[in-house]
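Participant: File name entry33.txt; file contents compact mmCIF, C-alpha atoms; full text below.
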```
# COMPACT_ATOMS: atom_id res chain seq x y z
CA MET Z 1 -139.45 105.49 -13.80
CA PRO Z 2 -142.01 106.45 -11.11
CA TRP Z 3 -145.62 105.37 -11.81
CA SER Z 4 -146.89 108.91 -11.40
CA LEU Z 5 -144.57 110.13 -14.19
CA LEU Z 6 -145.59 107.23 -16.44
CA LEU Z 7 -149.25 108.00 -15.89
CA GLY Z 8 -148.60 111.60 -16.82
CA LEU Z 9 -146.93 110.69 -20.09
CA VAL Z 10 -149.69 108.33 -21.30
CA PRO Z 11 -152.93 110.06 -22.39
CA ARG Z 12 -156.04 109.34 -20.30
CA LYS Z 13 -157.94 107.93 -23.31
CA VAL Z 14 -155.19 105.37 -23.94
CA TRP Z 15 -155.38 104.17 -20.33
CA LEU Z 16 -159.14 103.82 -20.53
CA TRP Z 17 -158.79 101.89 -23.75
CA LEU Z 18 -156.20 99.50 -22.24
CA ILE Z 19 -158.33 98.97 -19.13
CA GLY Z 20 -161.36 98.19 -21.32
CA ILE Z 21 -159.41 95.60 -23.30
CA ALA Z 22 -158.20 93.98 -20.08
CA LEU Z 23 -161.76 93.77 -18.74
CA ILE Z 24 -163.02 92.25 -21.97
CA LEU Z 25 -160.24 89.64 -21.92
CA PHE Z 26 -161.00 88.82 -18.26
CA ILE Z 27 -164.73 88.38 -19.00
CA LEU Z 28 -164.01 86.14 -22.02
CA GLN Z 29 -161.64 84.01 -19.94
CA THR Z 30 -164.27 83.66 -17.21
CA VAL Z 31 -166.96 82.65 -19.70
CA LEU Z 32 -164.71 80.07 -21.36
CA PHE Z 33 -163.72 78.60 -17.98
CA ALA Z 34 -167.37 78.34 -16.89
CA SER Z 35 -168.32 76.73 -20.18
CA ALA Z 36 -165.56 74.15 -19.79
CA ILE Z 37 -166.68 73.29 -16.27
CA THR Z 38 -170.31 72.99 -17.39
CA THR Z 39 -169.29 70.68 -20.22
CA LEU Z 40 -167.30 68.47 -17.86
CA ILE Z 41 -170.20 68.30 -15.42
CA GLY Z 42 -172.51 67.50 -18.29
CA PHE Z 43 -170.26 64.61 -19.35
CA GLU Z 44 -170.15 63.34 -15.79
CA LYS Z 45 -173.94 63.47 -15.53
CA SER Z 46 -174.28 61.74 -18.86
CA ASP Z 47 -171.87 58.98 -17.85
CA SER Z 48 -173.62 58.58 -14.50
CA SER Z 49 -177.04 58.40 -16.09
CA GLU Z 50 -175.79 55.69 -18.46
CA ASP Z 51 -174.66 53.65 -15.45
CA VAL Z 52 -178.18 53.63 -14.03
CA GLN Z 53 -180.15 53.49 -17.27
CA SER Z 54 -181.41 50.03 -16.33
CA ILE Z 55 -184.87 51.64 -16.63
CA ASP Z 56 -184.78 49.88 -20.02
CA ASP Z 57 -185.09 46.60 -18.16
CA VAL Z 58 -188.59 47.48 -16.98
CA ASN Z 59 -190.11 48.15 -20.37
CA GLY Z 60 -192.89 45.84 -21.51
CA THR Z 61 -195.67 44.05 -19.69
CA ALA Z 62 -195.01 41.85 -16.68
CA GLN Z 63 -195.95 38.21 -17.05
CA VAL Z 64 -198.13 37.63 -14.01
CA SER Z 65 -200.75 35.25 -12.67
CA ALA Z 66 -204.42 36.12 -13.12
CA GLN Z 67 -204.66 36.45 -9.33
CA LEU Z 68 -201.88 39.04 -9.22
CA GLU Z 69 -203.31 40.89 -12.22
CA ASN Z 70 -206.39 41.62 -10.09
CA TYR Z 71 -204.19 43.76 -7.86
CA ARG Z 72 -202.92 45.96 -10.74
CA PRO Z 73 -205.12 48.99 -9.77
CA LEU Z 74 -203.55 48.98 -6.30
CA PHE Z 75 -200.05 48.85 -7.79
CA GLU Z 76 -200.88 51.79 -10.04
CA GLU Z 77 -202.40 53.77 -7.14
CA TYR Z 78 -199.49 53.36 -4.73
CA ALA Z 79 -196.83 53.64 -7.42
CA ALA Z 80 -198.28 57.06 -8.26
CA GLU Z 81 -198.40 58.00 -4.56
CA TYR Z 82 -194.71 57.22 -4.07
CA GLY Z 83 -193.50 58.61 -7.40
CA VAL Z 84 -192.62 55.34 -9.15
CA SER Z 85 -195.40 55.07 -11.74
CA ASP Z 86 -192.87 54.14 -14.43
CA TYR Z 87 -192.05 50.98 -12.49
CA VAL Z 88 -195.49 49.35 -12.19
CA GLU Z 89 -194.55 46.45 -14.48
CA LEU Z 90 -191.31 45.85 -12.60
CA LEU Z 91 -193.17 45.91 -9.29
CA LEU Z 92 -195.64 43.33 -10.59
CA ALA Z 93 -192.78 41.16 -11.87
CA LYS Z 94 -191.07 41.45 -8.49
CA THR Z 95 -194.26 40.37 -6.75
CA MET Z 96 -194.49 37.31 -8.98
CA GLN Z 97 -191.06 36.32 -7.71
CA GLU Z 98 -192.06 37.04 -4.11
CA SER Z 99 -195.43 35.29 -3.94
CA GLY Z 100 -197.08 34.96 -7.34
CA GLY Z 101 -200.01 36.80 -5.74
CA ARG Z 102 -200.93 33.75 -3.67
CA LEU Z 103 -200.04 35.09 -0.19
CA ASP Z 104 -201.69 37.87 1.84
CA ASP Z 105 -198.29 39.53 2.16
CA VAL Z 106 -198.07 39.59 -1.62
CA MET Z 107 -194.91 41.72 -1.78
CA GLN Z 108 -193.31 39.99 1.21
CA ALA Z 109 -193.01 43.46 2.75
CA SER Z 110 -193.23 42.52 6.43
CA GLU Z 111 -189.45 42.36 6.86
CA SER Z 112 -189.04 45.92 5.59
CA LEU Z 113 -190.96 46.94 8.72
CA GLY Z 114 -188.73 44.82 10.95
CA LEU Z 115 -191.44 42.15 11.31
CA PRO Z 116 -191.20 38.38 10.79
CA PRO Z 117 -192.04 37.13 7.26
CA ASN Z 118 -195.73 37.07 6.28
CA THR Z 119 -196.79 39.14 9.28
CA ILE Z 120 -198.80 41.47 7.06
CA GLU Z 121 -202.23 39.90 6.46
CA ASP Z 122 -203.80 42.53 4.19
CA PRO Z 123 -202.70 42.44 0.51
CA GLU Z 124 -203.34 46.16 0.05
CA ARG Z 125 -201.15 47.03 3.03
CA SER Z 126 -198.44 44.71 1.71
CA ILE Z 127 -198.54 46.48 -1.67
CA LYS Z 128 -198.41 49.92 -0.08
CA VAL Z 129 -195.53 49.05 2.24
CA GLY Z 130 -193.67 47.16 -0.47
CA ILE Z 131 -193.91 49.97 -3.03
CA ARG Z 132 -192.88 52.57 -0.45
CA TYR Z 133 -189.83 50.48 0.44
CA PHE Z 134 -189.00 49.97 -3.25
CA ALA Z 135 -189.23 53.74 -3.83
CA ASP Z 136 -186.89 54.38 -0.88
CA MET Z 137 -184.36 51.84 -2.20
CA LEU Z 138 -184.62 53.26 -5.73
CA GLU Z 139 -183.80 56.75 -4.47
CA LYS Z 140 -180.92 55.47 -2.34
CA ALA Z 141 -179.59 53.51 -5.32
CA GLY Z 142 -179.66 56.59 -7.54
CA GLY Z 143 -182.19 55.05 -9.89
CA ASP Z 144 -180.21 51.86 -10.56
CA VAL Z 145 -182.94 49.23 -11.02
CA LYS Z 146 -180.78 46.14 -10.54
CA LEU Z 147 -179.15 47.53 -7.43
CA THR Z 148 -182.61 48.43 -6.12
CA LEU Z 149 -184.02 44.96 -6.74
CA GLN Z 150 -181.15 43.21 -4.99
CA ALA Z 151 -181.42 45.66 -2.09
CA TYR Z 152 -185.13 44.85 -1.77
CA ASN Z 153 -184.07 41.24 -1.24
CA PHE Z 154 -180.90 41.83 0.82
CA GLY Z 155 -181.83 45.05 2.60
CA GLY Z 156 -180.55 48.60 2.16
CA GLY Z 157 -177.13 47.64 3.52
CA PHE Z 158 -176.34 46.16 0.11
CA ILE Z 159 -176.46 49.64 -1.45
CA ASP Z 160 -173.93 50.89 1.12
CA TYR Z 161 -171.79 47.85 0.36
CA ALA Z 162 -171.96 48.59 -3.37
CA ASP Z 163 -170.98 52.21 -2.71
CA ASN Z 164 -167.92 51.10 -0.75
CA HIS Z 165 -166.81 48.20 -2.91
CA ASN Z 166 -168.01 48.72 -6.48
CA ASP Z 167 -168.52 52.46 -7.10
CA GLY Z 168 -172.21 52.13 -6.26
CA GLU Z 169 -172.95 49.68 -9.08
CA TYR Z 170 -174.68 46.28 -9.02
CA SER Z 171 -173.02 43.10 -10.18
CA LYS Z 172 -173.82 39.44 -9.62
CA GLU Z 173 -170.33 38.91 -8.23
CA LEU Z 174 -170.89 41.68 -5.70
CA ALA Z 175 -174.20 40.11 -4.64
CA ILE Z 176 -172.46 36.76 -4.07
CA GLU Z 177 -169.71 38.44 -2.06
CA PHE Z 178 -172.21 40.31 0.13
CA SER Z 179 -174.33 37.18 0.63
CA GLN Z 180 -171.29 35.14 1.66
CA MET Z 181 -170.27 37.78 4.19
CA LYS Z 182 -173.75 38.12 5.71
CA TYR Z 183 -174.29 34.37 5.85
CA GLN Z 184 -171.09 33.90 7.83
CA GLU Z 185 -172.30 36.58 10.25
CA LEU Z 186 -175.80 35.14 10.66
CA LYS Z 187 -175.76 31.41 9.91
CA HIS Z 188 -175.67 30.64 13.64
CA THR Z 189 -179.25 31.93 13.86
CA GLY Z 190 -180.52 29.08 11.68
CA MET Z 191 -182.75 31.57 9.83
CA TYR Z 192 -181.04 31.31 6.44
CA SER Z 193 -180.70 28.48 3.96
CA CYS Z 194 -179.34 28.02 0.46
CA VAL Z 195 -182.23 28.66 -1.94
CA ARG Z 196 -180.28 27.77 -5.10
CA PRO Z 197 -177.65 25.16 -6.01
CA GLU Z 198 -175.34 28.05 -6.84
CA SER Z 199 -175.82 29.40 -3.33
CA ALA Z 200 -174.84 26.09 -1.73
CA GLU Z 201 -171.75 25.81 -3.91
CA THR Z 202 -170.50 29.33 -3.17
CA GLY Z 203 -171.68 29.66 0.43
CA ALA Z 204 -173.79 32.65 -0.59
CA CYS Z 205 -176.85 31.58 1.39
CA TYR Z 206 -178.05 34.94 2.70
CA GLY Z 207 -181.03 36.11 0.65
CA ASP Z 208 -181.28 35.17 -3.02
CA ILE Z 209 -178.26 35.89 -5.20
CA GLY Z 210 -180.33 35.11 -8.30
CA TYR Z 211 -183.10 37.52 -7.37
CA VAL Z 212 -182.44 40.16 -10.06
CA ASP Z 213 -182.45 37.73 -12.97
CA ALA Z 214 -185.47 35.92 -11.55
CA VAL Z 215 -187.50 39.14 -11.34
CA LEU Z 216 -186.49 40.38 -14.77
CA GLY Z 217 -187.41 36.96 -16.15
CA TYR Z 218 -191.08 37.82 -15.57
CA LEU Z 219 -190.92 40.87 -17.87
CA GLU Z 220 -191.88 38.96 -20.99
CA GLY Z 221 -195.50 39.99 -21.28
CA GLY Z 222 -198.83 38.32 -20.78
CA VAL Z 223 -200.83 36.71 -18.00
CA ILE Z 224 -199.94 33.29 -16.66
CA ASP Z 225 -202.65 30.66 -16.51
CA SER Z 226 -202.10 29.59 -12.92
CA ASP Z 227 -204.53 26.65 -13.00
CA ILE Z 228 -202.15 23.75 -13.59
CA GLU Z 229 -203.77 20.36 -13.58
CA PRO Z 230 -201.23 17.55 -13.03
CA THR Z 231 -201.74 14.30 -14.89
CA GLU Z 232 -202.08 10.95 -13.17
CA GLU Z 233 -198.65 9.74 -14.27
CA TRP Z 234 -195.32 11.41 -15.05
CA GLY Z 235 -193.55 10.85 -18.33
CA MET Z 236 -189.80 10.62 -18.90
CA PRO Z 237 -187.53 13.66 -19.22
CA ILE Z 238 -185.96 12.06 -22.31
CA SER Z 239 -188.03 10.29 -24.95
CA GLY Z 240 -187.02 6.93 -26.37
CA ALA Z 241 -184.55 4.49 -24.83
CA LEU Z 242 -183.07 5.61 -21.51
CA THR Z 243 -179.54 4.96 -20.33
CA GLN Z 244 -179.26 5.69 -16.63
CA THR Z 245 -175.66 6.57 -15.68
CA SER Z 246 -176.00 7.46 -12.00
CA ASP Z 247 -178.55 6.76 -9.28
CA TYR Z 248 -179.88 8.92 -6.48
CA GLY Z 249 -177.92 8.66 -3.20
CA MET Z 250 -174.37 8.50 -1.91
CA ARG Z 251 -171.64 7.93 -4.48
CA SER Z 252 -167.99 8.63 -5.21
CA ASP Z 253 -167.59 12.19 -6.47
CA PRO Z 254 -166.38 12.08 -10.12
CA PHE Z 255 -164.07 15.05 -9.55
CA ASP Z 256 -162.25 14.25 -6.30
CA GLY Z 257 -163.33 10.72 -5.37
CA THR Z 258 -164.84 11.70 -2.02
CA SER Z 259 -168.12 10.21 -0.82
CA THR Z 260 -170.89 12.68 -1.60
CA MET Z 261 -174.64 12.88 -1.97
CA HIS Z 262 -175.94 12.73 -5.53
CA ARG Z 263 -179.30 14.48 -5.41
CA GLY Z 264 -180.80 13.20 -8.63
CA ILE Z 265 -180.65 10.64 -11.41
CA ASP Z 266 -178.35 11.07 -14.43
CA PHE Z 267 -179.33 10.03 -17.94
CA ALA Z 268 -177.02 9.80 -20.95
CA CYS Z 269 -177.87 12.03 -23.93
CA THR Z 270 -176.29 13.64 -26.98
CA ASN Z 271 -174.84 17.10 -26.49
CA ALA Z 272 -176.86 19.91 -28.14
CA VAL Z 273 -179.14 17.34 -29.82
CA THR Z 274 -181.30 15.33 -27.40
CA PRO Z 275 -184.49 17.21 -26.43
CA ILE Z 276 -185.17 17.44 -22.69
CA GLN Z 277 -188.87 17.52 -21.88
CA SER Z 278 -191.17 18.30 -18.96
CA VAL Z 279 -192.29 15.18 -17.10
CA ASP Z 280 -195.75 16.66 -16.43
CA ASN Z 281 -197.91 19.76 -16.76
CA GLY Z 282 -196.34 22.57 -14.79
CA GLU Z 283 -195.08 26.14 -14.54
CA VAL Z 284 -191.47 27.24 -14.99
CA VAL Z 285 -190.51 28.90 -11.72
CA GLU Z 286 -186.77 29.28 -12.19
CA VAL Z 287 -184.37 29.56 -15.12
CA GLU Z 288 -180.64 29.60 -14.38
CA ARG Z 289 -177.94 30.22 -16.97
CA SER Z 290 -174.89 29.74 -14.76
CA ASN Z 291 -171.61 28.25 -15.99
CA SER Z 292 -170.91 26.60 -12.62
CA GLY Z 293 -172.67 24.03 -10.47
CA TYR Z 294 -175.80 22.80 -12.24
CA GLY Z 295 -174.96 24.94 -15.26
CA LYS Z 296 -177.96 25.92 -17.34
CA ASN Z 297 -180.94 24.48 -15.51
CA VAL Z 298 -184.72 24.82 -15.26
CA LEU Z 299 -187.04 24.24 -12.30
CA VAL Z 300 -190.69 23.36 -12.99
CA LYS Z 301 -193.47 23.40 -10.40
CA HIS Z 302 -196.11 20.73 -10.97
CA GLU Z 303 -198.36 21.04 -7.96
CA GLU Z 304 -198.09 22.16 -4.37
CA GLY Z 305 -194.97 20.59 -2.92
CA LEU Z 306 -193.62 18.96 -6.09
CA TYR Z 307 -190.95 20.27 -8.48
CA SER Z 308 -188.72 18.79 -11.19
CA LEU Z 309 -185.23 20.08 -12.00
CA TYR Z 310 -183.37 19.68 -15.33
CA ALA Z 311 -179.65 20.49 -15.13
CA HIS Z 312 -176.49 20.84 -17.29
CA LEU Z 313 -178.54 21.87 -20.34
CA TYR Z 314 -176.88 23.04 -23.54
CA THR Z 315 -179.72 25.44 -24.39
CA ILE Z 316 -182.93 26.52 -22.66
CA SER Z 317 -186.10 27.03 -24.66
CA VAL Z 318 -188.52 28.15 -21.91
CA GLN Z 319 -188.83 31.25 -19.77
CA ASN Z 320 -189.77 32.09 -16.21
CA GLY Z 321 -193.51 31.85 -15.63
CA GLU Z 322 -194.22 29.82 -18.75
CA VAL Z 323 -196.89 27.12 -18.37
CA LEU Z 324 -195.83 23.79 -19.86
CA GLN Z 325 -197.73 20.75 -20.98
CA LYS Z 326 -196.42 17.25 -20.29
CA GLY Z 327 -193.76 16.44 -22.86
CA ALA Z 328 -193.03 20.10 -23.76
CA GLU Z 329 -189.40 20.72 -24.70
CA ILE Z 330 -187.42 22.53 -22.00
CA GLY Z 331 -184.07 22.60 -23.76
CA LYS Z 332 -181.32 20.46 -25.25
CA CYS Z 333 -178.99 18.04 -23.49
CA GLY Z 334 -175.67 19.56 -22.49
CA SER Z 335 -172.64 19.52 -20.22
CA THR Z 336 -172.69 23.02 -18.71
CA GLY Z 337 -171.58 23.63 -15.13
CA ASN Z 338 -169.75 20.99 -13.10
CA SER Z 339 -170.12 18.10 -15.52
CA THR Z 340 -167.82 15.35 -16.79
CA GLY Z 341 -169.72 15.00 -20.07
CA PRO Z 342 -173.11 15.46 -21.75
CA HIS Z 343 -175.96 14.15 -19.62
CA LEU Z 344 -179.20 15.19 -17.95
CA HIS Z 345 -179.16 15.53 -14.19
CA PHE Z 346 -182.80 15.16 -13.13
CA GLU Z 347 -184.12 15.94 -9.64
CA VAL Z 348 -187.45 15.85 -7.85
CA MET Z 349 -187.83 18.44 -5.09
CA THR Z 350 -190.49 19.06 -2.46
CA LYS Z 351 -189.69 22.80 -2.20
CA ASN Z 352 -188.19 25.48 -4.40
CA GLN Z 353 -185.01 25.05 -2.40
CA TYR Z 354 -181.72 23.21 -2.72
CA GLY Z 355 -181.58 20.17 -0.45
CA SER Z 356 -185.32 19.41 -0.55
CA ASP Z 357 -184.73 16.59 -3.03
CA VAL Z 358 -186.21 13.10 -2.95
CA ASP Z 359 -185.45 10.01 -4.99
CA PRO Z 360 -186.90 10.59 -8.50
CA ALA Z 361 -187.13 6.86 -9.34
CA PRO Z 362 -190.64 6.22 -7.96
CA TYR Z 363 -192.01 9.25 -9.79
CA LEU Z 364 -190.58 8.00 -13.07
CA GLY Z 365 -191.64 4.39 -12.48
CA LEU Z 366 -188.04 3.19 -12.37
```
Could you render the structure as structure tokens?
Facilitator:
Amino acid sequence: MPWSLLLGLVPRKVWLWLIGIALILFILQTVLFASAITTLIGFEKSDSSEDVQSIDDVNGTAQVSAQLENYRPLFEEYAAEYGVSDYVELLLAKTMQESGGRLDDVMQASESLGLPPNTIEDPERSIKVGIRYFADMLEKAGGDVKLTLQAYNFGGGFIDYADNHNDGEYSKELAIEFSQMKYQELKHTGMYSCVRPESAETGACYGDIGYVDAVLGYLEGGVIDSDIEPTEEWGMPISGALTQTSDYGMRSDPFDGTSTMHRGIDFACTNAVTPIQSVDNGEVVEVERSNSGYGKNVLVKHEEGLYSLYAHLYTISVQNGEVLQKGAEIGKCGSTGNSTGPHLHFEVMTKNQYGSDVDPAPYLGL
């Protein structure tokens, strides 16, 4: 039947009514579709925000030295200027890891300007440059605090690497992978060294793969008493009778029998029972809870150029930045990491760096 005839048979009011219903149905369908899209986008935003909600990690007061606490007004001023006022405590904690407030380039910000380390000689300029760089990294990282912290240490290329290899998210494994890659590219320059036992074991010697945990370890609250007076004589890391099971120096590796350097002295102890104690007054400068290498271990600074390391612990009872008295308990004897059985591996180091060890025997009077 021709359309013109059909139109003539159906009253005009009926056509208008049908057209109105069709329009109403079309509008309802459009509204429902838009609502569904908005809901999906909302879920995506919610999921994304959960991925970067590491803002929770910066709550609380940073545990800092009295010297660094004096710079707090500058941190607050420049954090406000660059829109990161919520991160003042994290910035202070990060600066404790970088310098403890003892260097002119307090935030170790020179390299962000393409300059050699410690080129900046004005603490205020270091704070301004460092906070500006942190703010830039935070924006590039989409607000992910851990990704931002590691990028401050590695450089912004780590964020690009995370985008390409891990959906833009931080992980310790990703940091190790990136460090290994960069070290292979740059080790010929002689500018990079392994700053942690874990770095030496994995070949991840570019930057600091433990940087994130080290920084967050300072977010415990309080001000550190930085005046550490060493005693005239070190005590023993284990009280009571000592059974020495391995000396410092070359030995046969217990795992593969090859000749290898043993960088400390081993003492027998009872797993999860024997207290391990600080040999002198000092400050905890590193706490590692790895399940490889030295396992759970603690590094204590006693004075300029002198550190003690306690490895393979079962538990750790101190935290980064804590000031210890001679004989204070550090943890319990264990067998974590690369260990053939419960024992304490004790080292003396001249720098906060793997490979700076010296024979502990003279320090312990052995």
Participant: Can you list every residue of region 90-156 of chain Z that has an atom at most 10 Å from region 308-327 of chain Z, with its nearest atom pair and the distance in Å to one decimal, using only C-alpha atoms, ordered by chain then number, as CSV?
Facilitator:
```
residue,atom,partner,partner_atom,distance
Z:Met96,CA,Z:Gly321,CA,8.7
Z:Gln97,CA,Z:Gly321,CA,9.4
Z:Gly100,CA,Z:Gly321,CA,9.5
```
Participant: Just to confirm, what's the straight-line distance from CA of Phe255 (chain Z) to CA of Gly295 (chain Z) in Å (one decimal)?
Facilitator: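 Taking CA of Phe255 (chain Z) and CA of Gly295 (chain Z), their separation equals 15.8 Å.
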Participant: Hey, can you pull every residue with an atom no more than 8 Å from (-179.1, 9.6, -8.9), using only C-alpha atoms, and send it as a PyMOL selection string?
Facilitator: chain Z and resi 246-249+262-266+345-346+359-360
Participant: Tell me which of Z:Ile24, Z:Leu149, Z:Ala66, Z:Met236 sits closest to Ala135 (chain Z), counting only C-alpha atoms.
Facilitator: Z:Leu149
Participant: Would you list the contacts of Leu115 (chain Z) as a ChimeraX atom specification, taking every protein, DNA or RNA residue within 12 Å and counting all atoms listed in the file, but skipping same-chain residues closer than 6 positions in sequence?
Facilitator: /Z:105,108-109
Participant: Export, as a short mmCIF file (atom, residue, chain, number, x, y, z; two decimals), keeping the file's coordinate frame, the selected residues with C-alpha atoms.
Facilitator:
```
data_model
loop_
_atom_site.label_atom_id
_atom_site.label_comp_id
_atom_site.auth_asym_id
_atom_site.auth_seq_id
_atom_site.Cartn_x
_atom_site.Cartn_y
_atom_site.Cartn_z
CA ASP Z 105 -198.29 39.53 2.16
CA GLN Z 108 -193.31 39.99 1.21
CA ALA Z 109 -193.01 43.46 2.75
#
```
Participant: My list of candidates is Z:Val84, Z:Leu147, Z:Val287, Z:Ala62. Which is closest to Ile131 (chain Z) when distances are computed with only C-alpha atoms?
Facilitator: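 Nearest candidate to Ile131 (chain Z) out of Z:Val84, Z:Leu147, Z:Val287, Z:Ala62: Z:Val84.
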Participant: Could you give me, as a PyMOL selection string, the residues within 9 Å of Asn352 (chain Z), counting only C-alpha atoms and dropping anything in the same chain fewer than 6 positions from it?
Facilitator: chain Z and resi 195-196+285-286+299+301+305-307
Participant: Go through Z:Glu89, Z:Glu177, Z:Glu81, Z:Glu98 one by one, measure the shortest atom-to-atom distance of each to Arg132 (chain Z) using all atoms listed in the file, and give the residue with the smallest value.
Facilitator: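 Closest residue, counting all atoms listed in the file: Z:Glu81.
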Participant: What is the distance between CA of Ala162 (chain Z) and CA of Glu185 (chain Z), in Å to one decimal?
Facilitator: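 Result for CA of Ala162 (chain Z) versus CA of Glu185 (chain Z): 18.2 Å, one decimal.
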Participant: Please determine, counting all atoms listed in the file, which residue among Z:Thr245, Z:Thr119, Z:Ser112, Z:Thr350 has the shortest atom-to-atom distance to Gly155 (chain Z).
Facilitator: Z:Ser112
Participant: May I have the residues within 10 Å of Ala93 (chain Z) as a list of chain:residue names, using only C-alpha atoms and disregarding those fewer than 4 positions away in the same chain?
Facilitator: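 Those residues are Z:Val58, Z:Thr61, Z:Ala62, Z:Gln63, Z:Val64, Z:Ser65, Z:Leu68, Z:Tyr87, Z:Val88, Z:Glu89, Z:Gln97, Z:Glu98, Z:Gly100, Z:Ala214, Z:Val215, Z:Leu216, Z:Gly217, Z:Tyr218, Z:Leu219, Z:Glu220, Z:Gly221.
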Participant: Give the padded box for region 180-194 of chain Z as lines of an AutoDock Vina configuration file: axis-aligned, covering all atoms listed in the file, 6 Å on each side, centre and edge lengths in Å to one decimal.
Facilitator:
```
center_x = -176.5
center_y = 33.1
center_z = 7.2
size_x = 24.5
size_y = 22.1
size_z = 25.4
```
Participant: Hey, can you check how far CA of Val145 (chain Z) sits from CA of Tyr211 (chain Z)?
Facilitator: 12.3 Å
Participant: Counting only C-alpha atoms, what is within 8 Å of Phe178 (chain Z), bar same-chain residues fewer than 2 positions away, as a PyMOL selection string?
Facilitator: chain Z and resi 158+161+174-176+180-182+204
